[in-house]
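Shown next: upload.txt, given as compact mmCIF, N, CA and C atoms.
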# COMPACT_ATOMS: atom_id res chain seq x y z
N MET A 1 115.72 88.44 132.44
CA MET A 1 114.45 88.66 131.76
C MET A 1 114.53 87.99 130.39
N ASP A 2 113.49 87.23 130.03
CA ASP A 2 113.57 86.55 128.74
C ASP A 2 113.29 87.53 127.59
N ILE A 3 113.76 87.17 126.42
CA ILE A 3 113.73 88.06 125.25
C ILE A 3 112.31 88.43 124.83
N ASN A 4 111.36 87.48 124.93
CA ASN A 4 109.98 87.76 124.55
C ASN A 4 109.39 88.85 125.45
N LYS A 5 109.62 88.73 126.73
CA LYS A 5 109.09 89.71 127.66
C LYS A 5 109.72 91.08 127.43
N LYS A 6 111.03 91.11 127.21
CA LYS A 6 111.72 92.38 126.97
C LYS A 6 111.22 93.04 125.69
N LEU A 7 111.05 92.25 124.63
CA LEU A 7 110.53 92.78 123.37
C LEU A 7 109.11 93.29 123.55
N TYR A 8 108.31 92.53 124.28
CA TYR A 8 106.93 92.94 124.54
C TYR A 8 106.88 94.27 125.28
N GLU A 9 107.68 94.40 126.31
CA GLU A 9 107.69 95.63 127.09
C GLU A 9 108.21 96.82 126.28
N THR A 10 109.22 96.58 125.46
CA THR A 10 109.77 97.65 124.63
C THR A 10 108.74 98.10 123.60
N TYR A 11 108.12 97.14 122.93
CA TYR A 11 107.12 97.48 121.92
C TYR A 11 105.90 98.14 122.57
N SER A 12 105.50 97.66 123.73
CA SER A 12 104.38 98.28 124.46
C SER A 12 104.70 99.73 124.79
N GLY A 13 105.94 100.01 125.16
CA GLY A 13 106.37 101.38 125.44
C GLY A 13 106.25 102.27 124.21
N LEU A 14 106.61 101.72 123.05
CA LEU A 14 106.49 102.48 121.81
C LEU A 14 105.02 102.75 121.49
N MET A 15 104.17 101.77 121.71
CA MET A 15 102.74 101.96 121.47
C MET A 15 102.13 102.96 122.47
N GLU A 16 102.69 103.00 123.66
CA GLU A 16 102.24 103.98 124.65
C GLU A 16 102.58 105.40 124.18
N ILE A 17 103.77 105.55 123.60
CA ILE A 17 104.15 106.85 123.05
C ILE A 17 103.21 107.23 121.91
N LYS A 18 102.87 106.27 121.05
CA LYS A 18 101.93 106.56 119.96
C LYS A 18 100.58 106.96 120.53
N GLY A 19 100.16 106.29 121.59
CA GLY A 19 98.90 106.64 122.24
C GLY A 19 98.92 108.06 122.80
N GLU A 20 100.03 108.43 123.42
CA GLU A 20 100.17 109.80 123.95
C GLU A 20 100.09 110.82 122.82
N CYS A 21 100.80 110.54 121.73
CA CYS A 21 100.78 111.45 120.58
C CYS A 21 99.36 111.56 120.01
N SER A 22 98.68 110.44 119.93
CA SER A 22 97.31 110.43 119.42
C SER A 22 96.37 111.22 120.33
N CYS A 23 96.51 111.03 121.63
CA CYS A 23 95.64 111.76 122.58
C CYS A 23 95.84 113.26 122.49
N LYS A 24 97.09 113.69 122.40
CA LYS A 24 97.37 115.12 122.27
C LYS A 24 96.76 115.67 120.98
N LEU A 25 96.86 114.91 119.91
CA LEU A 25 96.30 115.33 118.63
C LEU A 25 94.78 115.38 118.69
N ILE A 26 94.16 114.42 119.35
CA ILE A 26 92.70 114.41 119.53
C ILE A 26 92.27 115.68 120.25
N ASP A 27 93.00 116.05 121.31
CA ASP A 27 92.69 117.28 122.05
C ASP A 27 92.88 118.52 121.18
N GLU A 28 93.99 118.57 120.47
CA GLU A 28 94.29 119.74 119.64
C GLU A 28 93.23 119.96 118.56
N LEU A 29 92.72 118.86 118.00
CA LEU A 29 91.75 118.95 116.91
C LEU A 29 90.30 118.90 117.39
N ASN A 30 90.10 118.84 118.72
CA ASN A 30 88.75 118.72 119.31
C ASN A 30 87.96 117.55 118.71
N MET A 31 88.63 116.45 118.50
CA MET A 31 87.99 115.30 117.87
C MET A 31 87.02 114.59 118.80
N SER A 32 87.10 114.85 120.09
CA SER A 32 86.21 114.17 121.04
C SER A 32 84.76 114.57 120.82
N GLU A 33 84.52 115.66 120.09
CA GLU A 33 83.16 116.10 119.80
C GLU A 33 82.56 115.36 118.60
N LEU A 34 83.35 114.50 117.97
CA LEU A 34 82.90 113.79 116.78
C LEU A 34 82.74 112.30 117.05
N THR A 35 81.79 111.68 116.37
CA THR A 35 81.65 110.23 116.43
C THR A 35 82.61 109.61 115.41
N LEU A 36 82.84 108.31 115.54
CA LEU A 36 83.70 107.63 114.58
C LEU A 36 83.13 107.74 113.16
N ARG A 37 81.82 107.63 113.04
CA ARG A 37 81.17 107.75 111.73
C ARG A 37 81.41 109.14 111.14
N GLN A 38 81.31 110.18 111.96
CA GLN A 38 81.55 111.53 111.47
C GLN A 38 83.00 111.71 111.03
N ILE A 39 83.92 111.09 111.74
CA ILE A 39 85.33 111.14 111.35
C ILE A 39 85.51 110.45 110.00
N GLU A 40 84.82 109.35 109.79
CA GLU A 40 84.87 108.67 108.49
C GLU A 40 84.31 109.55 107.39
N TYR A 41 83.27 110.32 107.68
CA TYR A 41 82.72 111.24 106.69
C TYR A 41 83.73 112.34 106.36
N ILE A 42 84.43 112.83 107.36
CA ILE A 42 85.45 113.85 107.11
C ILE A 42 86.57 113.27 106.24
N LYS A 43 86.91 112.01 106.47
CA LYS A 43 87.90 111.35 105.62
C LYS A 43 87.40 111.29 104.18
N LYS A 44 86.11 111.06 104.02
CA LYS A 44 85.52 111.04 102.68
C LYS A 44 85.64 112.42 102.03
N PHE A 45 85.40 113.49 102.80
CA PHE A 45 85.57 114.85 102.29
C PHE A 45 86.98 115.03 101.73
N ASP A 46 87.95 114.44 102.39
CA ASP A 46 89.35 114.63 102.02
C ASP A 46 89.66 114.04 100.64
N GLN A 47 88.78 113.21 100.12
CA GLN A 47 88.99 112.63 98.80
C GLN A 47 88.66 113.62 97.69
N TYR A 48 88.02 114.71 98.04
CA TYR A 48 87.61 115.72 97.07
C TYR A 48 88.41 117.00 97.28
N ASP A 49 88.62 117.71 96.19
CA ASP A 49 89.17 119.06 96.31
C ASP A 49 88.06 119.97 96.83
N CYS A 50 86.88 119.80 96.24
CA CYS A 50 85.67 120.45 96.72
C CYS A 50 84.50 119.58 96.26
N VAL A 51 83.38 119.69 96.96
CA VAL A 51 82.24 118.82 96.67
C VAL A 51 80.96 119.56 97.03
N THR A 52 79.87 119.22 96.35
CA THR A 52 78.57 119.79 96.69
C THR A 52 77.86 118.87 97.68
N THR A 53 76.86 119.41 98.34
CA THR A 53 76.06 118.63 99.27
C THR A 53 75.40 117.45 98.55
N SER A 54 74.87 117.70 97.37
CA SER A 54 74.19 116.65 96.61
C SER A 54 75.14 115.51 96.25
N LYS A 55 76.32 115.86 95.77
CA LYS A 55 77.32 114.84 95.39
C LYS A 55 77.74 114.05 96.62
N LEU A 56 77.94 114.72 97.72
CA LEU A 56 78.35 114.05 98.95
C LEU A 56 77.25 113.10 99.43
N ALA A 57 75.99 113.55 99.40
CA ALA A 57 74.87 112.70 99.81
C ALA A 57 74.82 111.44 98.95
N LYS A 58 75.01 111.61 97.65
CA LYS A 58 74.98 110.46 96.73
C LYS A 58 76.12 109.49 97.05
N ASP A 59 77.33 110.03 97.20
CA ASP A 59 78.50 109.18 97.45
C ASP A 59 78.46 108.48 98.80
N LEU A 60 77.85 109.14 99.80
CA LEU A 60 77.75 108.53 101.13
C LEU A 60 76.49 107.68 101.28
N ASP A 61 75.64 107.72 100.26
CA ASP A 61 74.37 107.00 100.28
C ASP A 61 73.52 107.43 101.48
N LEU A 62 73.44 108.76 101.65
CA LEU A 62 72.63 109.36 102.71
C LEU A 62 71.65 110.34 102.08
N SER A 63 70.62 110.66 102.83
CA SER A 63 69.67 111.66 102.33
C SER A 63 70.32 113.04 102.35
N LYS A 64 69.87 113.89 101.48
CA LYS A 64 70.41 115.25 101.43
C LYS A 64 70.16 115.99 102.76
N PRO A 65 68.95 115.86 103.38
CA PRO A 65 68.76 116.52 104.68
C PRO A 65 69.75 116.02 105.76
N SER A 66 70.06 114.72 105.75
CA SER A 66 71.02 114.19 106.72
C SER A 66 72.40 114.80 106.51
N VAL A 67 72.80 114.89 105.25
CA VAL A 67 74.10 115.46 104.93
C VAL A 67 74.12 116.95 105.27
N THR A 68 73.02 117.64 105.03
CA THR A 68 72.93 119.07 105.36
C THR A 68 73.13 119.29 106.85
N GLU A 69 72.51 118.47 107.68
CA GLU A 69 72.69 118.58 109.14
C GLU A 69 74.13 118.29 109.54
N MET A 70 74.72 117.28 108.92
CA MET A 70 76.10 116.93 109.21
C MET A 70 77.01 118.10 108.83
N ILE A 71 76.76 118.70 107.70
CA ILE A 71 77.56 119.83 107.23
C ILE A 71 77.46 121.00 108.21
N LYS A 72 76.26 121.27 108.71
CA LYS A 72 76.08 122.34 109.69
C LYS A 72 76.96 122.10 110.91
N LYS A 73 76.98 120.85 111.37
CA LYS A 73 77.81 120.53 112.54
C LYS A 73 79.28 120.71 112.22
N PHE A 74 79.71 120.24 111.04
CA PHE A 74 81.11 120.36 110.66
C PHE A 74 81.53 121.82 110.49
N ILE A 75 80.62 122.65 110.01
CA ILE A 75 80.92 124.08 109.89
C ILE A 75 81.07 124.69 111.29
N LYS A 76 80.16 124.33 112.18
CA LYS A 76 80.21 124.83 113.56
C LYS A 76 81.51 124.42 114.26
N LEU A 77 81.98 123.21 113.96
CA LEU A 77 83.22 122.70 114.55
C LEU A 77 84.46 123.14 113.78
N GLU A 78 84.24 123.97 112.75
CA GLU A 78 85.32 124.51 111.94
C GLU A 78 86.14 123.44 111.22
N CYS A 79 85.43 122.40 110.75
CA CYS A 79 86.07 121.33 109.99
C CYS A 79 85.95 121.56 108.49
N ILE A 80 84.87 122.22 108.07
CA ILE A 80 84.67 122.53 106.66
C ILE A 80 84.15 123.97 106.53
N TYR A 81 84.21 124.46 105.33
CA TYR A 81 83.61 125.76 105.02
C TYR A 81 82.93 125.67 103.66
N LYS A 82 81.96 126.56 103.46
CA LYS A 82 81.22 126.61 102.21
C LYS A 82 81.73 127.78 101.38
N GLN A 83 81.74 127.56 100.06
CA GLN A 83 82.13 128.61 99.13
C GLN A 83 81.13 128.64 97.98
N LYS A 84 80.58 129.81 97.72
CA LYS A 84 79.59 129.96 96.66
C LYS A 84 80.25 129.77 95.28
N CYS A 85 79.56 129.07 94.40
CA CYS A 85 80.02 128.86 93.03
C CYS A 85 79.91 130.17 92.25
N ASN A 86 80.95 130.54 91.54
CA ASN A 86 80.95 131.78 90.75
C ASN A 86 79.95 131.72 89.60
N GLU A 87 79.80 130.55 88.98
CA GLU A 87 78.92 130.41 87.82
C GLU A 87 77.45 130.30 88.19
N ASP A 88 77.17 129.68 89.34
CA ASP A 88 75.78 129.46 89.76
C ASP A 88 75.67 129.78 91.25
N GLY A 89 75.12 130.92 91.57
CA GLY A 89 75.04 131.39 92.95
C GLY A 89 74.20 130.51 93.86
N ARG A 90 73.44 129.57 93.29
CA ARG A 90 72.64 128.66 94.12
C ARG A 90 73.47 127.49 94.64
N VAL A 91 74.62 127.28 94.04
CA VAL A 91 75.46 126.13 94.36
C VAL A 91 76.58 126.55 95.31
N TYR A 92 76.80 125.72 96.32
CA TYR A 92 77.90 125.94 97.26
C TYR A 92 78.83 124.73 97.21
N TYR A 93 80.12 125.01 97.23
CA TYR A 93 81.11 123.94 97.31
C TYR A 93 81.61 123.85 98.74
N LEU A 94 81.85 122.64 99.16
CA LEU A 94 82.35 122.38 100.51
C LEU A 94 83.83 122.06 100.45
N HIS A 95 84.58 122.64 101.36
CA HIS A 95 86.03 122.44 101.44
C HIS A 95 86.41 122.12 102.88
N LEU A 96 87.43 121.30 103.05
CA LEU A 96 87.97 121.05 104.38
C LEU A 96 88.82 122.23 104.83
N THR A 97 88.70 122.58 106.10
CA THR A 97 89.61 123.55 106.71
C THR A 97 90.90 122.81 107.08
N SER A 98 91.88 123.54 107.56
CA SER A 98 93.11 122.87 107.99
C SER A 98 92.81 121.91 109.14
N LYS A 99 91.89 122.29 110.03
CA LYS A 99 91.49 121.39 111.12
C LYS A 99 90.84 120.13 110.54
N GLY A 100 89.96 120.29 109.56
CA GLY A 100 89.32 119.15 108.91
C GLY A 100 90.32 118.22 108.25
N LYS A 101 91.32 118.82 107.60
CA LYS A 101 92.37 118.01 106.97
C LYS A 101 93.16 117.24 108.02
N GLY A 102 93.40 117.90 109.17
CA GLY A 102 94.11 117.22 110.26
C GLY A 102 93.33 116.01 110.76
N ILE A 103 92.01 116.17 110.89
CA ILE A 103 91.17 115.05 111.33
C ILE A 103 91.18 113.94 110.28
N ALA A 104 91.06 114.32 109.02
CA ALA A 104 91.03 113.32 107.94
C ALA A 104 92.35 112.55 107.86
N ARG A 105 93.42 113.20 108.23
CA ARG A 105 94.75 112.60 108.11
C ARG A 105 95.36 112.29 109.48
N PHE A 106 94.48 112.05 110.43
CA PHE A 106 94.87 111.86 111.83
C PHE A 106 95.95 110.79 112.01
N GLU A 107 95.75 109.62 111.41
CA GLU A 107 96.71 108.52 111.61
C GLU A 107 98.10 108.90 111.13
N GLN A 108 98.18 109.53 109.96
CA GLN A 108 99.49 109.94 109.44
C GLN A 108 100.14 110.97 110.36
N LEU A 109 99.34 111.90 110.89
CA LEU A 109 99.89 112.92 111.80
C LEU A 109 100.38 112.29 113.10
N ALA A 110 99.63 111.32 113.61
CA ALA A 110 100.05 110.66 114.85
C ALA A 110 101.36 109.90 114.64
N VAL A 111 101.48 109.19 113.53
CA VAL A 111 102.71 108.46 113.23
C VAL A 111 103.87 109.44 113.05
N LYS A 112 103.61 110.57 112.38
CA LYS A 112 104.66 111.57 112.20
C LYS A 112 105.17 112.07 113.55
N ARG A 113 104.27 112.23 114.50
CA ARG A 113 104.70 112.69 115.83
C ARG A 113 105.57 111.64 116.53
N VAL A 114 105.24 110.36 116.33
CA VAL A 114 106.08 109.30 116.90
C VAL A 114 107.46 109.34 116.24
N VAL A 115 107.48 109.49 114.94
CA VAL A 115 108.75 109.58 114.21
C VAL A 115 109.56 110.78 114.70
N ASP A 116 108.90 111.90 114.92
CA ASP A 116 109.59 113.08 115.45
C ASP A 116 110.21 112.79 116.81
N ARG A 117 109.47 112.05 117.65
CA ARG A 117 110.02 111.68 118.98
C ARG A 117 111.24 110.79 118.83
N ILE A 118 111.19 109.86 117.87
CA ILE A 118 112.32 108.97 117.63
C ILE A 118 113.53 109.78 117.18
N ILE A 119 113.30 110.72 116.26
CA ILE A 119 114.39 111.56 115.74
C ILE A 119 115.00 112.40 116.85
N GLU A 120 114.17 112.89 117.78
CA GLU A 120 114.67 113.68 118.91
C GLU A 120 115.50 112.83 119.88
N SER A 121 115.20 111.52 119.93
CA SER A 121 115.80 110.66 120.95
C SER A 121 117.04 109.91 120.48
N LEU A 122 117.18 109.72 119.18
CA LEU A 122 118.27 108.89 118.66
C LEU A 122 119.20 109.71 117.79
N ASP A 123 120.46 109.23 117.72
CA ASP A 123 121.38 109.88 116.79
C ASP A 123 121.21 109.25 115.40
N GLU A 124 121.91 109.80 114.43
CA GLU A 124 121.71 109.36 113.04
C GLU A 124 122.02 107.87 112.85
N GLN A 125 123.08 107.39 113.46
CA GLN A 125 123.44 105.97 113.32
C GLN A 125 122.37 105.07 113.94
N GLU A 126 121.87 105.47 115.09
CA GLU A 126 120.81 104.68 115.75
C GLU A 126 119.54 104.66 114.90
N ILE A 127 119.25 105.78 114.27
CA ILE A 127 118.07 105.82 113.39
C ILE A 127 118.28 104.90 112.20
N ASP A 128 119.48 104.93 111.61
CA ASP A 128 119.78 104.01 110.49
C ASP A 128 119.65 102.56 110.93
N ASP A 129 120.16 102.24 112.12
CA ASP A 129 120.06 100.88 112.65
C ASP A 129 118.59 100.49 112.86
N LEU A 130 117.81 101.41 113.41
CA LEU A 130 116.38 101.14 113.64
C LEU A 130 115.67 100.89 112.32
N ILE A 131 115.95 101.70 111.30
CA ILE A 131 115.35 101.51 109.98
C ILE A 131 115.71 100.13 109.43
N THR A 132 116.98 99.77 109.56
CA THR A 132 117.43 98.46 109.08
C THR A 132 116.68 97.33 109.78
N LEU A 133 116.58 97.42 111.10
CA LEU A 133 115.90 96.38 111.86
C LEU A 133 114.40 96.32 111.54
N LEU A 134 113.75 97.46 111.49
CA LEU A 134 112.31 97.46 111.21
C LEU A 134 112.02 97.01 109.79
N SER A 135 112.94 97.27 108.86
CA SER A 135 112.75 96.83 107.48
C SER A 135 112.75 95.32 107.35
N LYS A 136 113.41 94.64 108.26
CA LYS A 136 113.45 93.16 108.23
C LYS A 136 112.11 92.55 108.58
N ILE A 137 111.26 93.30 109.25
CA ILE A 137 109.97 92.78 109.70
C ILE A 137 108.97 92.71 108.56
N LYS A 138 109.08 93.59 107.59
CA LYS A 138 108.13 93.67 106.47
C LYS A 138 107.92 92.37 105.77
As structure tokens, what does this structure read like?
Amino acid sequence: MDINKKLYETYSGLMEIKGECSCKLIDELNMSELTLRQIEYIKKFDQYDCVTTSKLAKDLDLSKPSVTEMIKKFIKLECIYKQKCNEDGRVYYLHLTSKGKGIARFEQLAVKRVVDRIIESLDEQEIDDLITLLSKIK
């Protein structure tokens, strides 16, 4: 077997493992109920510690009613929660739930799961060798 084919097959196998980890994470987080655009909005939420509907609408360049509907869906899906402002009872702050944070940080979590699989499969010397080899690619 030539080296290109062997490398291709080995790398494809690693990408298959990443795909499996990603699929399991998608199921765990119920992400199939969200569109890609909604996932991007959740990532935007992650940039804030807390945010108001008005601020979010402005930053996303969407109408406040559109953002309000989106927020209702995210609350129903347990991605965010609302918290009343202590100083002004008319104002609510929006926060990501742990599920929402998982969705916002999906790629990092998927890669972490691949790394966990590597750690489970290799001994310390093999991991050091893999790090050395992968560092040469940068």
(request) Tell me, as a ChimeraX atom specification, which residues lie within 7 Å of segment 38-42 of chain A, counting all atoms listed in the file; anything in the same chain fewer than 3 positions away does not count. (result) /A:34-35,45-47,100,103-104
(request) Would you please extract all alpha helix (DSSP H) residues from chain A, as assigned by DSSP on the backbone, and give them as a PyMOL selection string? (result) chain A and resi 3-28+36-45+53-60+64-76+98-104+106-121+124-135
(message) Would you compute the distance between atom CA of Tyr93 of chain A and atom N of Ala110 of chain A? Give it in Å to one decimal.
(response) 27.7 Å
(message) So, with all atoms listed in the file as the atoms that count, which of A:Ile80, A:Val114, A:Leu133, A:Val51 lies closest to Tyr92 of chain A?
(response)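 Closest candidate: A:Val51.
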(message) When DSSP is applied to the backbone of this structure, which of segment 3-134 of chain A are assigned strand (DSSP E)? Write them out as a list of chain:residue names.
(response)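 Filtering segment 3-134 of chain A down to strand (DSSP E) leaves A:Ile80, A:Tyr81, A:Lys82, A:Gln83, A:Lys84, A:Tyr92, A:Tyr93, A:Leu94, A:His95, A:Leu96.
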Would you mind exporting N, CA and C atoms of the selected residues as a PDB file, in the coordinates of the input?
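again.pdb, freshly written:
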ATOM      1  N   ILE A  80      84.870 122.220 108.070  1.00  0.00           N
ATOM      2  CA  ILE A  80      84.670 122.530 106.660  1.00  0.00           C
ATOM      3  C   ILE A  80      84.150 123.970 106.530  1.00  0.00           C
ATOM      4  N   TYR A  81      84.210 124.460 105.330  1.00  0.00           N
ATOM      5  CA  TYR A  81      83.610 125.760 105.020  1.00  0.00           C
ATOM      6  C   TYR A  81      82.930 125.670 103.660  1.00  0.00           C
ATOM      7  N   LYS A  82      81.960 126.560 103.460  1.00  0.00           N
ATOM      8  CA  LYS A  82      81.220 126.610 102.210  1.00  0.00           C
ATOM      9  C   LYS A  82      81.730 127.780 101.380  1.00  0.00           C
ATOM     10  N   GLN A  83      81.740 127.560 100.060  1.00  0.00           N
ATOM     11  CA  GLN A  83      82.130 128.610  99.130  1.00  0.00           C
ATOM     12  C   GLN A  83      81.130 128.640  97.980  1.00  0.00           C
ATOM     13  N   LYS A  84      80.580 129.810  97.720  1.00  0.00           N
ATOM     14  CA  LYS A  84      79.590 129.960  96.660  1.00  0.00           C
ATOM     15  C   LYS A  84      80.250 129.770  95.280  1.00  0.00           C
ATOM     16  N   TYR A  92      76.800 125.720  96.320  1.00  0.00           N
ATOM     17  CA  TYR A  92      77.900 125.940  97.260  1.00  0.00           C
ATOM     18  C   TYR A  92      78.830 124.730  97.210  1.00  0.00           C
ATOM     19  N   TYR A  93      80.120 125.010  97.230  1.00  0.00           N
ATOM     20  CA  TYR A  93      81.110 123.940  97.310  1.00  0.00           C
ATOM     21  C   TYR A  93      81.610 123.850  98.740  1.00  0.00           C
ATOM     22  N   LEU A  94      81.850 122.640  99.160  1.00  0.00           N
ATOM     23  CA  LEU A  94      82.350 122.380 100.510  1.00  0.00           C
ATOM     24  C   LEU A  94      83.830 122.060 100.450  1.00  0.00           C
ATOM     25  N   HIS A  95      84.580 122.640 101.360  1.00  0.00           N
ATOM     26  CA  HIS A  95      86.030 122.440 101.440  1.00  0.00           C
ATOM     27  C   HIS A  95      86.410 122.120 102.880  1.00  0.00           C
ATOM     28  N   LEU A  96      87.430 121.300 103.050  1.00  0.00           N
ATOM     29  CA  LEU A  96      87.970 121.050 104.380  1.00  0.00           C
ATOM     30  C   LEU A  96      88.820 122.230 104.830  1.00  0.00           C
TER      31      LEU A  96
END
(message) Which residue is closest to Leu77 of chain A? Choose from A:Lys99, A:Lys138, A:Ala57, A:Glu126 and count all atoms listed in the file.
(response) A:Lys99
(request) Work out how far atom N of Gly102 of chain A is from atom CA of Glu20 of chain A, in Å to one decimal. (result) 18.2 Å
(message) My list of candidates is A:Phe74, A:Tyr81, A:Ser121, A:Lys43. Which is closest to Lys101 of chain A when distances are computed with only C-alpha atoms?
(response)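 Distance minimum relative to Lys101 of chain A lands on A:Lys43.
Distance-wise, atom C of Asp61 of chain A and atom C of Gln108 of chain A end up 28.3 Å apart.
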(request) Between A:Ile127, A:Val91, A:Leu96, A:Val111, single out the one closest to Glu78 of chain A, counting all atoms listed in the file. (result)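 Residue with the minimum atom-to-atom distance to Glu78 of chain A: A:Leu96.
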(request) With a distance cut-off of 7 Å and only N, CA and C atoms, select the neighbouring residues of Thr68 of chain A, excluding the residue or stretch itself and same-chain residues fewer than 5 positions from it, and output the selection as an MDAnalysis selection string. (result) chainID A and resid 53 63 73
Filled-in N, CA, C and O atoms of segment 81-95 of chain A, supplied as an mmCIF file, in the frame of the given file:
data_model
loop_
_atom_site.group_PDB
_atom_site.id
_atom_site.type_symbol
_atom_site.label_atom_id
_atom_site.label_comp_id
_atom_site.auth_asym_id
_atom_site.auth_seq_id
_atom_site.Cartn_x
_atom_site.Cartn_y
_atom_site.Cartn_z
ATOM 1 N N TYR A 81 84.210 124.460 105.330
ATOM 2 C CA TYR A 81 83.610 125.760 105.020
ATOM 3 C C TYR A 81 82.930 125.670 103.660
ATOM 4 O O TYR A 81 83.276 124.823 102.833
ATOM 5 N N LYS A 82 81.960 126.560 103.460
ATOM 6 C CA LYS A 82 81.220 126.610 102.210
ATOM 7 C C LYS A 82 81.730 127.780 101.380
ATOM 8 O O LYS A 82 82.058 128.828 101.917
ATOM 9 N N GLN A 83 81.740 127.560 100.060
ATOM 10 C CA GLN A 83 82.130 128.610 99.130
ATOM 11 C C GLN A 83 81.130 128.640 97.980
ATOM 12 O O GLN A 83 80.856 127.608 97.362
ATOM 13 N N LYS A 84 80.580 129.810 97.720
ATOM 14 C CA LYS A 84 79.590 129.960 96.660
ATOM 15 C C LYS A 84 80.250 129.770 95.280
ATOM 16 O O LYS A 84 81.344 130.266 95.045
ATOM 17 N N CYS A 85 79.560 129.070 94.400
ATOM 18 C CA CYS A 85 80.020 128.860 93.030
ATOM 19 C C CYS A 85 79.910 130.170 92.250
ATOM 20 O O CYS A 85 78.870 130.846 92.315
ATOM 21 N N ASN A 86 80.950 130.540 91.540
ATOM 22 C CA ASN A 86 80.950 131.780 90.750
ATOM 23 C C ASN A 86 79.950 131.720 89.600
ATOM 24 O O ASN A 86 79.335 132.729 89.266
ATOM 25 N N GLU A 87 79.800 130.550 88.980
ATOM 26 C CA GLU A 87 78.920 130.410 87.820
ATOM 27 C C GLU A 87 77.450 130.300 88.190
ATOM 28 O O GLU A 87 76.578 130.718 87.446
ATOM 29 N N ASP A 88 77.170 129.680 89.340
ATOM 30 C CA ASP A 88 75.780 129.460 89.760
ATOM 31 C C ASP A 88 75.670 129.780 91.250
ATOM 32 O O ASP A 88 76.096 128.986 92.093
ATOM 33 N N GLY A 89 75.120 130.920 91.570
ATOM 34 C CA GLY A 89 75.040 131.390 92.950
ATOM 35 C C GLY A 89 74.200 130.510 93.860
ATOM 36 O O GLY A 89 74.243 130.656 95.077
ATOM 37 N N ARG A 90 73.440 129.570 93.290
ATOM 38 C CA ARG A 90 72.640 128.660 94.120
ATOM 39 C C ARG A 90 73.470 127.490 94.640
ATOM 40 O O ARG A 90 73.066 126.788 95.546
ATOM 41 N N VAL A 91 74.620 127.280 94.040
ATOM 42 C CA VAL A 91 75.460 126.130 94.360
ATOM 43 C C VAL A 91 76.580 126.550 95.310
ATOM 44 O O VAL A 91 77.211 127.592 95.118
ATOM 45 N N TYR A 92 76.800 125.720 96.320
ATOM 46 C CA TYR A 92 77.900 125.940 97.260
ATOM 47 C C TYR A 92 78.830 124.730 97.210
ATOM 48 O O TYR A 92 78.379 123.588 97.167
ATOM 49 N N TYR A 93 80.120 125.010 97.230
ATOM 50 C CA TYR A 93 81.110 123.940 97.310
ATOM 51 C C TYR A 93 81.610 123.850 98.740
ATOM 52 O O TYR A 93 81.774 124.859 99.423
ATOM 53 N N LEU A 94 81.850 122.640 99.160
ATOM 54 C CA LEU A 94 82.350 122.380 100.510
ATOM 55 C C LEU A 94 83.830 122.060 100.450
ATOM 56 O O LEU A 94 84.271 121.298 99.588
ATOM 57 N N HIS A 95 84.580 122.640 101.360
ATOM 58 C CA HIS A 95 86.030 122.440 101.440
ATOM 59 C C HIS A 95 86.410 122.120 102.880
ATOM 60 O O HIS A 95 85.807 122.637 103.814
#
